[in-house]
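Below: one structure, written as structure tokens.
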2 protein chains.
Amino acid sequence: MRVSAKADYAVRAAAELAAAEEGPVKGEKLAEAQDIPLQFLEHILLELKHAGIVRARRGAKGGYWLARPAEEVTIADVVRAVEGPIAHVQSSPPESIEYRGNAEHLQEVWIAVRASLRTVLEHVTLADLVSGQLPSEVESLAAQPDAWVAR
Amino acid sequence: MRVSAKADYAVRAAAELAAAEEGPVKGEKLAEAQDIPLQFLEHILLELKHAGIVRARRGAKGGYWLARPAEEVTIADVVRAVEGPIAHVQSSPPESIEYRGNAEHLQEVWIAVRASLRTVLEHVTLADLVSGQLPSEVESLAAQPDAWVAR
DNA sequence: GCGCTCCTGACCAAAAAGGTCAGGAAAGTC
DNA sequence: GACTTTCCTGACCTTTTTGGTCAGGAGCGC
């Protein structure tokens with residue numbers, strides 16, 4: 001139940017692309033802006049490209065840009081591109097697991113876990129992230145003082 | 001963002017303990033009931049014991065039982081005992097991370113992610129899980145047909 | 001043709017995941 | 001007190017994941 005460095009880097013780089021003016025941004029610039037090891041970032045950007053989230057051009061004046069408008073790319077899209085499916089249990093999607101005995105209802109719990117993650121990740125777009133105008137459900141989750149304390 | 005086998009096993013074993021009549025339950029019985037490798041399960045139960053969730057006694061008539069009533073143990077308690085803190089980012093808690101540039105608001109997003117996980121994991125108790133009577137917020141998350149389809 | 005920048009695969013070390021094995025230490029029974 | 005049962009613990013193991021680095025190739029623009 002943790003967020004990997006790779007996913008964190010991917011979202012941060014995507015945020016930089018979302019905020020960029022028209023035209024390609026060099027990998028090096030992204031790496032500097034977000035303090036990410038360049039060569040590692042390039043692998044991440046390649047995965048984002050393969051997932052159809054980003055486009056790229058080589059050569060002078062080359063760089064990366066978002067394949068779609070920032071309003072249409074969610075954080076879930078970016079995270080899935082680099083980490084794979086969200087909230088799998090033992091490497092299987094929760095809807096395909098069958099529990100026995102007294103754990104029968106555990107499936108519903110994991111489904112609910114995934115659904116709750118989706119309500120955040122699928123509703124925040126890169127445009128929201130850059131502007132700081134998060135959707136109201138997300139805003140209110142983050143607004144609870146409780147949410148900021150460790151347990 | 002996945003649930004490990006260990007966490008899944010831990011919750012399932014805890015559910016069996018929650019459902020058991022008064023008195024200790026043998027590790028072997030738990031392993032059979034939930035189809036978990038016995039020796040692996042014993043390590044997990046030991047961690048649950050160290051976390052104060054479970055108690056144990058050795059010898060004939062020995063076994064494991066819940067240290068607290070099943071109504072007072074949440075799934076979050078069990079998951080934290082074996083997986084550590086929920087929703088850390090790059091091994092740090094989200095409240096302690098500072099983001100720069102256009103990713104500044106990413107912290108709020110990760111905080112919201114953690115909060116949303118907590119609304120499920122901290123509100124479902126072992127008693128809820130065994131009875132199938134999940135809290136209404138959780139029930140309604142799992143009731144959306146959408147929640148059951150992969151993305 | 002030359003420099004720039006992305007693209008790709010190979011490689012690497014450390015940690016985590018998911019177990020297994022062997023033996024010791026308590027608790028109960030005879 | 002011996003014996004059985006069951007938990008307790010650490011060592012060990014293999015495979016995968018994580019978080020990178022390195023070296024070279026391929027396309028683009030001038």
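Within each chain, counting starts at residue 1; across the structure tokens, chains are named A, B, ... in the order shown, with ligands numbered 1 upward in that order.
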Kindly provide the residues of chain C that approach chain A to within 9 Å, each paired with its closest atom pair and their distance in Å to one decimal, based on only C-alpha atoms (C1' of nucleotides), listed by chain and increasing number, as a Markdown table.
```
| residue | atom | partner | partner_atom | distance |
| --- | --- | --- | --- | --- |
| C:DG3 | C1' | A:Ala60 | CA | 8.0 |
| C:DC4 | C1' | A:Ala60 | CA | 4.6 |
| C:DT5 | C1' | A:Gly59 | CA | 4.5 |
| C:DC6 | C1' | A:Arg58 | CA | 4.7 |
| C:DC7 | C1' | A:Leu46 | CA | 7.9 |
```
Residues as selected, C-alpha atoms (C1' of nucleotides), written as a short mmCIF file (atom, residue, chain, number, x, y, z; two decimals), in the first residue's frame, can you do that?
```
data_model
loop_
_atom_site.label_atom_id
_atom_site.label_comp_id
_atom_site.auth_asym_id
_atom_site.auth_seq_id
_atom_site.Cartn_x
_atom_site.Cartn_y
_atom_site.Cartn_z
"C1'" DG C 3 25.14 18.03 -32.78
"C1'" DC C 4 21.24 17.42 -30.10
"C1'" DT C 5 17.85 14.64 -27.85
"C1'" DC C 6 15.20 10.74 -27.40
"C1'" DC C 7 15.23 5.46 -27.47
#
```
Please, can I see chain B fitted onto chain A by all in-order Cα atoms (least squares), as an mmCIF file with C-alpha atoms, in the first residue's frame?
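Output contents, as saved in selection_37.cif:
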```cif
data_model
loop_
_atom_site.group_PDB
_atom_site.id
_atom_site.type_symbol
_atom_site.label_atom_id
_atom_site.label_comp_id
_atom_site.auth_asym_id
_atom_site.auth_seq_id
_atom_site.Cartn_x
_atom_site.Cartn_y
_atom_site.Cartn_z
ATOM 1 C CA MET B 1 -0.011 -0.008 -0.020
ATOM 2 C CA ARG B 2 2.708 2.430 -0.848
ATOM 3 C CA VAL B 3 3.485 4.796 -3.670
ATOM 4 C CA SER B 4 6.751 3.980 -5.440
ATOM 5 C CA ALA B 5 9.389 6.535 -6.340
ATOM 6 C CA LYS B 6 8.673 5.772 -9.958
ATOM 7 C CA ALA B 7 5.006 6.665 -9.697
ATOM 8 C CA ASP B 8 5.794 9.801 -7.738
ATOM 9 C CA TYR B 9 8.377 10.850 -10.329
ATOM 10 C CA ALA B 10 6.016 10.103 -13.193
ATOM 11 C CA VAL B 11 3.269 12.296 -11.802
ATOM 12 C CA ARG B 12 5.675 15.122 -11.054
ATOM 13 C CA ALA B 13 7.138 15.029 -14.562
ATOM 14 C CA ALA B 14 3.652 14.933 -16.031
ATOM 15 C CA ALA B 15 2.719 17.960 -13.948
ATOM 16 C CA GLU B 16 5.648 19.875 -15.427
ATOM 17 C CA LEU B 17 4.545 18.919 -18.913
ATOM 18 C CA ALA B 18 1.005 20.001 -18.119
ATOM 19 C CA ALA B 19 2.254 23.379 -16.993
ATOM 20 C CA ALA B 20 4.558 23.916 -19.953
ATOM 21 C CA GLU B 21 3.773 26.307 -22.753
ATOM 22 C CA GLU B 22 3.068 24.882 -26.167
ATOM 23 C CA GLY B 23 6.033 22.912 -27.555
ATOM 24 C CA PRO B 24 8.348 20.121 -26.453
ATOM 25 C CA VAL B 25 10.176 20.130 -23.113
ATOM 26 C CA LYS B 26 13.568 18.468 -22.792
ATOM 27 C CA GLY B 27 14.004 15.561 -20.425
ATOM 28 C CA GLU B 28 16.836 17.393 -18.769
ATOM 29 C CA LYS B 29 14.638 20.339 -17.946
ATOM 30 C CA LEU B 30 12.010 18.079 -16.387
ATOM 31 C CA ALA B 31 14.674 16.297 -14.385
ATOM 32 C CA GLU B 32 16.024 19.571 -13.048
ATOM 33 C CA ALA B 33 12.653 21.074 -12.293
ATOM 34 C CA GLN B 34 11.654 18.096 -10.188
ATOM 35 C CA ASP B 35 15.051 16.901 -9.060
ATOM 36 C CA ILE B 36 14.782 13.457 -10.597
ATOM 37 C CA PRO B 37 17.775 11.412 -11.837
ATOM 38 C CA LEU B 38 17.778 12.082 -15.581
ATOM 39 C CA GLN B 39 18.453 8.611 -16.880
ATOM 40 C CA PHE B 40 15.860 7.072 -14.629
ATOM 41 C CA LEU B 41 13.382 9.706 -15.701
ATOM 42 C CA GLU B 42 13.973 8.906 -19.366
ATOM 43 C CA HIS B 43 12.901 5.331 -18.780
ATOM 44 C CA ILE B 44 9.790 6.565 -17.051
ATOM 45 C CA LEU B 45 8.976 8.970 -19.874
ATOM 46 C CA LEU B 46 9.371 6.130 -22.307
ATOM 47 C CA GLU B 47 6.773 4.130 -20.407
ATOM 48 C CA LEU B 48 4.460 7.130 -20.422
ATOM 49 C CA LYS B 49 4.988 7.363 -24.143
ATOM 50 C CA HIS B 50 4.169 3.701 -24.689
ATOM 51 C CA ALA B 51 1.032 4.209 -22.636
ATOM 52 C CA GLY B 52 0.008 7.015 -24.981
ATOM 53 C CA ILE B 53 0.140 9.700 -22.331
ATOM 54 C CA VAL B 54 3.130 11.543 -23.685
ATOM 55 C CA ARG B 55 4.663 12.173 -27.101
ATOM 56 C CA ALA B 56 8.239 12.931 -27.967
ATOM 57 C CA ARG B 57 10.495 14.130 -30.713
ATOM 58 C CA ARG B 58 14.263 13.728 -30.923
ATOM 59 C CA GLY B 59 16.969 16.095 -31.970
ATOM 60 C CA ALA B 60 17.521 19.763 -31.392
ATOM 61 C CA LYS B 61 14.208 21.399 -30.441
ATOM 62 C CA GLY B 62 13.050 17.947 -29.415
ATOM 63 C CA GLY B 63 11.486 16.955 -26.121
ATOM 64 C CA TYR B 64 8.293 15.643 -24.577
ATOM 65 C CA TRP B 65 4.728 16.910 -24.459
ATOM 66 C CA LEU B 66 1.359 15.615 -23.365
ATOM 67 C CA ALA B 67 -0.519 13.606 -25.961
ATOM 68 C CA ARG B 68 -3.834 14.916 -24.639
ATOM 69 C CA PRO B 69 -4.915 18.135 -22.958
ATOM 70 C CA ALA B 70 -3.997 18.281 -19.279
ATOM 71 C CA GLU B 71 -7.695 18.362 -18.365
ATOM 72 C CA GLU B 72 -8.102 14.897 -19.830
ATOM 73 C CA VAL B 73 -5.214 13.118 -18.142
ATOM 74 C CA THR B 74 -5.812 11.846 -14.628
ATOM 75 C CA ILE B 75 -3.294 10.873 -12.012
ATOM 76 C CA ALA B 76 -4.675 7.350 -12.227
ATOM 77 C CA ASP B 77 -3.666 7.230 -15.903
ATOM 78 C CA VAL B 78 -0.111 8.155 -15.046
ATOM 79 C CA VAL B 79 0.177 5.820 -12.075
ATOM 80 C CA ARG B 80 -1.229 2.885 -14.027
ATOM 81 C CA ALA B 81 1.207 3.516 -16.848
ATOM 82 C CA VAL B 82 4.193 2.967 -14.598
ATOM 83 C CA GLU B 83 2.912 0.793 -11.751
ATOM 84 C CA GLY B 84 0.287 -1.311 -13.433
ATOM 85 C CA PRO B 85 -3.205 -1.885 -12.075
ATOM 86 C CA ILE B 86 -4.195 -0.141 -8.875
ATOM 87 C CA ALA B 87 -4.985 -2.117 -5.719
ATOM 88 C CA HIS B 88 -4.364 -5.632 -6.919
ATOM 89 C CA VAL B 89 -4.308 -8.241 -4.166
ATOM 90 C CA GLN B 90 -1.570 -10.861 -4.431
ATOM 91 C CA SER B 91 -1.159 -9.789 -8.056
ATOM 92 C CA SER B 92 -4.783 -10.464 -8.977
ATOM 93 C CA PRO B 93 -7.599 -7.992 -9.374
ATOM 94 C CA PRO B 94 -9.928 -8.101 -6.365
ATOM 95 C CA GLU B 95 -12.991 -8.964 -8.433
ATOM 96 C CA SER B 96 -11.412 -12.249 -9.455
ATOM 97 C CA ILE B 97 -10.549 -13.528 -5.996
ATOM 98 C CA GLU B 98 -12.753 -15.911 -4.076
ATOM 99 C CA TYR B 99 -12.524 -16.036 -0.330
ATOM 100 C CA ARG B 100 -13.569 -18.910 1.876
ATOM 101 C CA GLY B 101 -14.806 -19.339 5.387
ATOM 102 C CA ASN B 102 -14.943 -16.297 7.569
ATOM 103 C CA ALA B 103 -13.056 -14.140 5.092
ATOM 104 C CA GLU B 104 -15.832 -14.295 2.520
ATOM 105 C CA HIS B 105 -16.608 -10.601 2.678
ATOM 106 C CA LEU B 106 -13.001 -9.573 2.378
ATOM 107 C CA GLN B 107 -13.490 -9.308 -1.346
ATOM 108 C CA GLU B 108 -15.958 -6.480 -0.848
ATOM 109 C CA VAL B 109 -13.477 -4.724 1.385
ATOM 110 C CA TRP B 110 -10.719 -4.835 -1.216
ATOM 111 C CA ILE B 111 -13.187 -3.707 -3.850
ATOM 112 C CA ALA B 112 -14.088 -0.770 -1.628
ATOM 113 C CA VAL B 113 -10.408 -0.010 -1.140
ATOM 114 C CA ARG B 114 -9.900 0.151 -4.860
ATOM 115 C CA ALA B 115 -13.018 2.228 -5.352
ATOM 116 C CA SER B 116 -11.886 4.710 -2.732
ATOM 117 C CA LEU B 117 -8.497 5.045 -4.379
ATOM 118 C CA ARG B 118 -10.204 5.606 -7.683
ATOM 119 C CA THR B 119 -12.367 8.386 -6.331
ATOM 120 C CA VAL B 120 -9.178 10.296 -5.711
ATOM 121 C CA LEU B 121 -6.850 9.203 -8.489
ATOM 122 C CA GLU B 122 -9.336 9.164 -11.339
ATOM 123 C CA HIS B 123 -10.816 12.529 -10.508
ATOM 124 C CA VAL B 124 -7.713 14.631 -10.176
ATOM 125 C CA THR B 125 -6.416 15.700 -13.576
ATOM 126 C CA LEU B 126 -3.004 17.123 -14.327
ATOM 127 C CA ALA B 127 -4.686 20.474 -14.894
ATOM 128 C CA ASP B 128 -6.219 20.284 -11.406
ATOM 129 C CA LEU B 129 -2.869 19.360 -9.929
ATOM 130 C CA VAL B 130 -1.011 22.235 -11.527
ATOM 131 C CA SER B 131 -3.659 24.816 -10.711
ATOM 132 C CA GLY B 132 -4.160 23.528 -7.195
ATOM 133 C CA GLN B 133 -7.914 23.452 -7.781
ATOM 134 C CA LEU B 134 -8.596 19.891 -6.699
ATOM 135 C CA PRO B 135 -12.064 18.404 -7.104
ATOM 136 C CA SER B 136 -14.229 19.116 -4.085
ATOM 137 C CA GLU B 137 -14.360 15.506 -2.826
ATOM 138 C CA VAL B 138 -10.594 15.346 -2.869
ATOM 139 C CA GLU B 139 -10.223 18.790 -1.350
ATOM 140 C CA SER B 140 -12.440 17.821 1.547
ATOM 141 C CA LEU B 141 -10.503 14.625 2.195
ATOM 142 C CA ALA B 142 -7.267 16.602 2.343
ATOM 143 C CA ALA B 143 -8.867 19.333 4.429
ATOM 144 C CA GLN B 144 -9.511 17.132 7.458
ATOM 145 C CA PRO B 145 -6.807 17.902 10.023
ATOM 146 C CA ASP B 146 -6.866 14.216 10.866
ATOM 147 C CA ALA B 147 -5.691 13.337 7.405
ATOM 148 C CA TRP B 148 -2.370 15.043 8.070
ATOM 149 C CA VAL B 149 -1.366 13.051 11.124
ATOM 150 C CA ALA B 150 0.487 9.765 11.022
ATOM 151 C CA ARG B 151 -0.924 6.645 12.599
#
```
- Query: Quick one: which residues from chain D are at most 7 Å off chain A, using only C-alpha atoms (C1' of nucleotides), as a list in words?
  - Reply: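 Contact residues on the first chain: DG20, DG27, DC28 and DG29 of chain D.
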- Query: Distance atom C1' of DT21 of chain D-atom C1' of DA17 of chain C, one decimal place?
  - Reply: 24.5 Å
- Find the spatial neighbours of DA16 of chain C, counting only C-alpha atoms (C1' of nucleotides), within a cut-off of 9 Å - ignore same-chain residues fewer than 3 positions away - and output them as a list in words. DT16, DT17 and DT18 of chain D
Export of prior selection with C-alpha atoms (C1' of nucleotides) as a PDB file, in the first residue's frame:
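The file below, result-v3.pdb, is the result:
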```pdb
ATOM      1  C1'  DT D  16      10.800 -10.321  -8.255  1.00  0.00           C
ATOM      2  C1'  DT D  17      10.786  -5.472  -7.621  1.00  0.00           C
ATOM      3  C1'  DT D  18      12.896  -1.179  -6.868  1.00  0.00           C
TER       4       DT D  18
END
```
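Within segment 7-143 of chain B, DSSP run on the backbone puts these residues in strand (DSSP E): B:Val54, B:Arg55, B:Ala56, B:Arg57, B:Gly63, B:Tyr64, B:Trp65, B:Leu66.
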Export, as a JSON list (two decimals), in the first residue's frame, the selected residues with C-alpha atoms.
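selection-v7.json written:
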```
[["chain", "number", "residue", "atom", "x", "y", "z"],
["B", 54, "VAL", "CA", -3.17, -11.36, 18.99],
["B", 55, "ARG", "CA", -2.16, -13.44, 22.00],
["B", 56, "ALA", "CA", -0.88, -16.97, 22.10],
["B", 57, "ARG", "CA", -0.17, -19.87, 24.37],
["B", 63, "GLY", "CA", -3.16, -21.55, 20.10],
["B", 64, "TYR", "CA", -3.95, -17.96, 19.18],
["B", 65, "TRP", "CA", -6.76, -15.59, 20.08],
["B", 66, "LEU", "CA", -7.54, -11.93, 19.64]]
```
- Task: Measure the distance from atom C1' of DG1 of chain C to atom C1' of DG25 of chain D in Å and round it to one decimal.
- Result: 16.7 Å
Can you list, as a compact mmCIF listing (two decimals) with N, CA and C atoms, in the first residue's frame, all residues belonging to chain A that DSSP tags as alpha helix (DSSP H)?
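Once written, selection28.txt looks like this:
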```txt
# COMPACT_ATOMS: atom_id res chain seq x y z
N ALA A 5 8.67 5.35 -5.83
CA ALA A 5 9.40 6.51 -6.33
C ALA A 5 9.05 6.75 -7.79
N LYS A 6 8.95 5.67 -8.52
CA LYS A 6 8.67 5.77 -9.95
C LYS A 6 7.34 6.46 -10.22
N ALA A 7 6.32 6.07 -9.50
CA ALA A 7 5.00 6.68 -9.69
C ALA A 7 5.03 8.15 -9.29
N ASP A 8 5.69 8.42 -8.19
CA ASP A 8 5.80 9.81 -7.74
C ASP A 8 6.51 10.66 -8.79
N TYR A 9 7.65 10.15 -9.28
CA TYR A 9 8.39 10.85 -10.33
C TYR A 9 7.54 11.06 -11.57
N ALA A 10 6.82 10.03 -11.96
CA ALA A 10 6.02 10.10 -13.19
C ALA A 10 4.97 11.20 -13.09
N VAL A 11 4.31 11.28 -11.95
CA VAL A 11 3.27 12.31 -11.79
C VAL A 11 3.90 13.69 -11.78
N ARG A 12 5.05 13.81 -11.11
CA ARG A 12 5.70 15.12 -11.05
C ARG A 12 6.15 15.58 -12.43
N ALA A 13 6.72 14.66 -13.19
CA ALA A 13 7.14 15.02 -14.55
C ALA A 13 5.94 15.39 -15.40
N ALA A 14 4.87 14.64 -15.25
CA ALA A 14 3.66 14.93 -16.02
C ALA A 14 3.09 16.29 -15.64
N ALA A 15 3.21 16.64 -14.38
CA ALA A 15 2.73 17.95 -13.94
C ALA A 15 3.53 19.06 -14.61
N GLU A 16 4.83 18.86 -14.73
CA GLU A 16 5.65 19.86 -15.41
C GLU A 16 5.24 19.99 -16.88
N LEU A 17 4.97 18.87 -17.51
CA LEU A 17 4.54 18.92 -18.91
C LEU A 17 3.20 19.63 -19.04
N ALA A 18 2.34 19.37 -18.06
CA ALA A 18 1.01 19.99 -18.11
C ALA A 18 1.11 21.51 -17.97
N ALA A 19 2.11 21.94 -17.25
CA ALA A 19 2.25 23.37 -16.99
C ALA A 19 3.03 24.09 -18.09
N GLY A 27 13.92 16.40 -21.59
CA GLY A 27 13.98 15.55 -20.40
C GLY A 27 14.84 16.18 -19.32
N GLU A 28 15.92 16.78 -19.73
CA GLU A 28 16.83 17.38 -18.76
C GLU A 28 16.16 18.48 -17.96
N LYS A 29 15.32 19.24 -18.64
CA LYS A 29 14.62 20.32 -17.95
C LYS A 29 13.63 19.76 -16.92
N LEU A 30 12.94 18.70 -17.29
CA LEU A 30 12.01 18.06 -16.37
C LEU A 30 12.75 17.52 -15.16
N ALA A 31 13.89 16.88 -15.45
CA ALA A 31 14.68 16.28 -14.37
C ALA A 31 15.14 17.34 -13.38
N GLU A 32 15.56 18.48 -13.91
CA GLU A 32 16.02 19.56 -13.04
C GLU A 32 14.88 20.18 -12.25
N ALA A 33 13.78 20.41 -12.94
CA ALA A 33 12.65 21.06 -12.29
C ALA A 33 12.15 20.25 -11.10
N GLN A 34 12.21 18.93 -11.23
CA GLN A 34 11.64 18.08 -10.18
C GLN A 34 12.71 17.28 -9.44
N LEU A 38 18.17 11.93 -14.18
CA LEU A 38 17.77 12.05 -15.58
C LEU A 38 17.57 10.71 -16.28
N GLN A 39 18.52 9.81 -16.11
CA GLN A 39 18.44 8.57 -16.89
C GLN A 39 17.28 7.70 -16.43
N PHE A 40 17.00 7.77 -15.15
CA PHE A 40 15.84 7.04 -14.64
C PHE A 40 14.56 7.67 -15.20
N LEU A 41 14.54 8.98 -15.21
CA LEU A 41 13.36 9.69 -15.71
C LEU A 41 13.10 9.35 -17.18
N GLU A 42 14.18 9.19 -17.95
CA GLU A 42 13.96 8.89 -19.36
C GLU A 42 13.25 7.55 -19.56
N HIS A 43 13.60 6.60 -18.71
CA HIS A 43 12.88 5.32 -18.79
C HIS A 43 11.40 5.50 -18.44
N ILE A 44 11.15 6.32 -17.47
CA ILE A 44 9.77 6.56 -17.06
C ILE A 44 8.99 7.25 -18.18
N LEU A 45 9.64 8.25 -18.80
CA LEU A 45 8.96 8.97 -19.87
C LEU A 45 8.67 8.04 -21.05
N LEU A 46 9.57 7.09 -21.25
CA LEU A 46 9.35 6.12 -22.32
C LEU A 46 8.11 5.29 -22.03
N GLU A 47 7.96 4.91 -20.77
CA GLU A 47 6.76 4.13 -20.41
C GLU A 47 5.50 4.98 -20.59
N LEU A 48 5.60 6.24 -20.23
CA LEU A 48 4.45 7.12 -20.42
C LEU A 48 4.13 7.27 -21.91
N LYS A 49 5.18 7.26 -22.70
CA LYS A 49 4.97 7.36 -24.14
C LYS A 49 4.27 6.12 -24.66
N HIS A 50 4.76 4.95 -24.24
CA HIS A 50 4.14 3.70 -24.68
C HIS A 50 2.69 3.60 -24.24
N ILE A 75 -4.42 11.44 -12.72
CA ILE A 75 -3.28 10.86 -12.01
C ILE A 75 -3.33 9.34 -12.09
N ALA A 76 -4.53 8.80 -12.09
CA ALA A 76 -4.67 7.35 -12.23
C ALA A 76 -4.04 6.86 -13.54
N ASP A 77 -4.25 7.61 -14.61
CA ASP A 77 -3.66 7.23 -15.90
C ASP A 77 -2.14 7.13 -15.78
N VAL A 78 -1.56 8.11 -15.15
CA VAL A 78 -0.10 8.16 -15.04
C VAL A 78 0.41 7.04 -14.14
N VAL A 79 -0.25 6.86 -13.02
CA VAL A 79 0.18 5.82 -12.07
C VAL A 79 0.05 4.44 -12.71
N ARG A 80 -1.05 4.18 -13.38
CA ARG A 80 -1.22 2.88 -14.03
C ARG A 80 -0.16 2.63 -15.09
N ALA A 81 0.23 3.69 -15.77
CA ALA A 81 1.22 3.52 -16.85
C ALA A 81 2.54 3.00 -16.30
N VAL A 82 2.90 3.41 -15.11
CA VAL A 82 4.20 2.98 -14.59
C VAL A 82 4.13 1.89 -13.52
N GLU A 83 3.01 1.79 -12.83
CA GLU A 83 2.92 0.80 -11.75
C GLU A 83 1.98 -0.35 -12.07
N LEU A 106 -14.21 -10.35 2.59
CA LEU A 106 -12.99 -9.58 2.39
C LEU A 106 -12.92 -9.04 0.95
N GLN A 107 -13.47 -9.79 0.04
CA GLN A 107 -13.48 -9.31 -1.35
C GLN A 107 -14.14 -7.94 -1.47
N GLU A 108 -15.27 -7.78 -0.80
CA GLU A 108 -15.95 -6.48 -0.86
C GLU A 108 -15.09 -5.38 -0.26
N VAL A 109 -14.33 -5.74 0.76
CA VAL A 109 -13.47 -4.73 1.37
C VAL A 109 -12.40 -4.27 0.40
N TRP A 110 -11.76 -5.23 -0.27
CA TRP A 110 -10.71 -4.84 -1.22
C TRP A 110 -11.31 -4.08 -2.41
N ILE A 111 -12.51 -4.46 -2.80
CA ILE A 111 -13.19 -3.71 -3.87
C ILE A 111 -13.42 -2.27 -3.42
N ALA A 112 -13.84 -2.12 -2.18
CA ALA A 112 -14.08 -0.78 -1.64
C ALA A 112 -12.78 0.01 -1.55
N VAL A 113 -11.70 -0.68 -1.20
CA VAL A 113 -10.39 -0.02 -1.15
C VAL A 113 -10.04 0.53 -2.53
N ARG A 114 -10.20 -0.31 -3.53
CA ARG A 114 -9.89 0.14 -4.88
C ARG A 114 -10.79 1.29 -5.30
N ALA A 115 -12.07 1.16 -5.00
CA ALA A 115 -13.01 2.22 -5.37
C ALA A 115 -12.64 3.54 -4.70
N SER A 116 -12.20 3.45 -3.45
CA SER A 116 -11.87 4.70 -2.75
C SER A 116 -10.62 5.34 -3.33
N LEU A 117 -9.67 4.51 -3.73
CA LEU A 117 -8.49 5.04 -4.39
C LEU A 117 -8.87 5.71 -5.71
N ARG A 118 -9.78 5.05 -6.41
CA ARG A 118 -10.20 5.61 -7.70
C ARG A 118 -10.90 6.95 -7.54
N THR A 119 -11.65 7.10 -6.49
CA THR A 119 -12.35 8.39 -6.35
C THR A 119 -11.37 9.54 -6.23
N VAL A 120 -10.18 9.23 -5.75
CA VAL A 120 -9.17 10.29 -5.72
C VAL A 120 -8.40 10.33 -7.04
N LEU A 121 -7.80 9.21 -7.39
CA LEU A 121 -6.84 9.20 -8.50
C LEU A 121 -7.48 9.45 -9.87
N LEU A 126 -4.26 16.37 -14.40
CA LEU A 126 -3.00 17.11 -14.33
C LEU A 126 -3.27 18.61 -14.27
N ALA A 127 -4.33 19.04 -14.94
CA ALA A 127 -4.68 20.47 -14.90
C ALA A 127 -5.07 20.87 -13.48
N ASP A 128 -5.84 20.02 -12.82
CA ASP A 128 -6.20 20.28 -11.41
C ASP A 128 -4.95 20.38 -10.55
N LEU A 129 -4.06 19.44 -10.76
CA LEU A 129 -2.86 19.36 -9.94
C LEU A 129 -2.01 20.62 -10.08
N VAL A 130 -1.84 21.07 -11.31
CA VAL A 130 -1.00 22.24 -11.55
C VAL A 130 -1.65 23.51 -11.00
N SER A 131 -2.96 23.60 -11.17
CA SER A 131 -3.65 24.82 -10.72
C SER A 131 -3.90 24.80 -9.21
N SER A 136 -13.77 18.86 -5.47
CA SER A 136 -14.22 19.13 -4.10
C SER A 136 -14.15 17.91 -3.18
N GLU A 137 -14.43 16.71 -3.70
CA GLU A 137 -14.36 15.52 -2.83
C GLU A 137 -12.94 15.31 -2.33
N VAL A 138 -12.00 15.56 -3.24
CA VAL A 138 -10.60 15.36 -2.88
C VAL A 138 -10.15 16.45 -1.92
N GLU A 139 -10.55 17.64 -2.24
CA GLU A 139 -10.23 18.78 -1.37
C GLU A 139 -10.70 18.53 0.06
N SER A 140 -11.91 18.00 0.17
CA SER A 140 -12.45 17.83 1.53
C SER A 140 -11.77 16.68 2.27
N LEU A 141 -11.30 15.69 1.53
CA LEU A 141 -10.50 14.63 2.18
C LEU A 141 -9.22 15.22 2.73
N ALA A 142 -8.57 16.06 1.92
CA ALA A 142 -7.27 16.62 2.32
C ALA A 142 -7.44 17.72 3.35
N ALA A 143 -8.65 18.22 3.50
CA ALA A 143 -8.88 19.34 4.42
C ALA A 143 -9.04 18.89 5.86
```
